[in-house]
Amino acid sequence: MTIRILPPPGAPRRLAAAQLGNSVGDGVYYVCSALYFNQVVGLPPGRIGLGLTVAWAVGSLAGVPLGALADRRGPRGTSVLLAVATAASVASFLFIRSFWAFLPAVVCYATAQCGLAAARQALLAAVVEPADRTGVLAHLQAVLNAGLAVGAALGGLALSAGTERAYLTVFALDAAGFLLCAALLLRLPAVAPVPRRPAGEPRLAVLRDRPYALVTLLNAVLLLRMPLLSLAIPLWVVERTHAPGWLVSALFVLNTAAVMLFQVRVARQVTGLESAGRAVRRSGLVMAASCVVFAVSALPGAGWAAALLLLAGALLQVDAEMRQSAGSWQIGFALAPAGRVGQYQGFFGTGVPVARTVGPLLLTSLLLLWGAQGWLLLGAVLAAASYAMGPAVRRAGAVHRGSEPSGAVVQG
């Protein structure tokens with residue numbers, strides 16, 4: 001890790017260290033979990049997919065009440081508790097030998113992860129000045145990608161070994177990473193819980209905030225880009241183009257390195273809601289252009305030509321990803337009322353589990369069945385959602401006018 005991706009010393013640096021421990025574990029999980037449950041535990045792929053779909057659906061619902069718990073009880077203690085719960089759920093993978101043990105374990109994992117995201121961002125809102133939050137989040141995103149790369153490398157070692165002991169070792173390291181995350185979060189300053197809500201105010205006010213719900217929905221649509229790199233593009237490269245298979249790994253490395261090196265620079269352009277809306281709008285146009293390039297990569301021709309087109313598409317995609325991430329961070333915290341950061345960020349963060357749940361089936365069906373037309377349709381949808389974000393944010397801002405900016409969401 002270079003100093004370029006590290007935030008300033010103090011609370012931001014400790015948040016980054018906690019993020020690193022968390023993301024190394026995530027990298028291991030993403031690479032190894034499906035094959036571990038299939039080859040070691042003996043679950044059929046259909047059962048694994050069903051369990052993960054149920055888990056992330058439950059996790060997305062749990063994010064709001066767990067975020068509200070962080071508001072009421074204090075975000076530091078809640079974050080630590082949920083990091084420990086995540087470690088415990090990962091440790092339980094070591095003992096799973098049936099679907100009915102697998103299902104509650106992955107539900108606990110997804111629930112703790114979604115709650116941890118909301119609570120930790122409420123904690124960030126309390127210990128980082130409002131003007132510095134988008135910049136700190138950009139550093140955290142860079143650290144996130146570094147951790148995912150390390151975790152993926154560790155997971156790759158386990159996959160190459162292919163033994164049960166290798167899988168168990170990396171999952172034990174995964175659990176240890178979340179315990180380290182909990183220990184580092186515990187070193188941050190304690191944050192007082194918010195005062196009791198006024199009489200008559202709903203317990204989960206965000207669920208009645210329709211303008212904010214629209215912003216969250218549009219953000220979830222834009223986050224459908226998440227399964228592209230991990231699932232849709234690898235399948236597209238292998239099944240629809242003449243490019244070499246090893247290019248899949250190269251595109252992943254390119255994405256990770258670009259975010260590590262340039263996310264902080266891109267985020268500097270976002271200083272308020274207006275610039276955030278502009279960043280999201282531009283990200284939609286760039287993403288649409290990326291989809292066109294990916295569609296063209298399947299045309300008949302030499303493998304090297306397809307490879308160059310895929311490389312160009314990946315560069316456009318990562319540029320769009322960085323712009324959308326920076327804009328959404330600013331939007332997420334600027335529209336969250338003071339005192340309700342946890343529940344609002346729990347709700348805003350549902351876009352991530354929704355993308356993980358719906359995205360794989362939607363994108364593989366759209367792109368692999370429809371081919372180039374599917375890419376063009378996807379690009380049009382993402383561009384439309386990015387342009388709709390501006391009016392939606394202005395409407396939500398009018399509703400929340402006078403409330404302090406607070407809170408944030410880190411997205412992969």
# chains A, B, ... in the order shown; residues from 1 in each chain; ligands from 1
$ select_by_dssp --residues "range 106-311 of chain A" --states "alpha helix (DSSP H)" --output "PyMOL selection string"
chain A and resi 106-127+133-161+164-186+210-222+226-227+233-240+247-267+273-296+303-311
$ residues_around --residues "Ala34 in chain A" --least-positions-apart "6" --cutoff "12 Å" --atoms "only C-alpha atoms" --output "MDAnalysis selection string"
chainID A and resid 28 40:52 93 102 106 155 159 167
$ closest_residue --among "A:Ala267, A:Leu377, A:Val128, A:Ala326" --to "Pro8 in chain A" --atoms "only C-alpha atoms"
A:Val128
$ closest_residue --among "A:Val31, A:Ala385, A:Leu311, A:Ala298" --to "Leu157 in chain A" --atoms "only C-alpha atoms"
A:Val31
$ closest_residue --among "A:Gly115, A:Pro130, A:Pro234, A:Gly374" --to "Ala288 in chain A" --atoms "only C-alpha atoms"
A:Gly374
$ residues_around --residues "Arg265 in chain A" --least-positions-apart "5" --cutoff "12 Å" --atoms "only C-alpha atoms" --output "JSON, numbers by chain"
{"A": [4, 5, 134, 135, 136, 137, 138, 139, 141, 142, 258, 259, 260, 270, 319, 322, 323, 326]}
$ atom_distance --atom1 "CA of Ala380 in chain A" --atom2 "CA of Ala243 in chain A"
25.4 Å
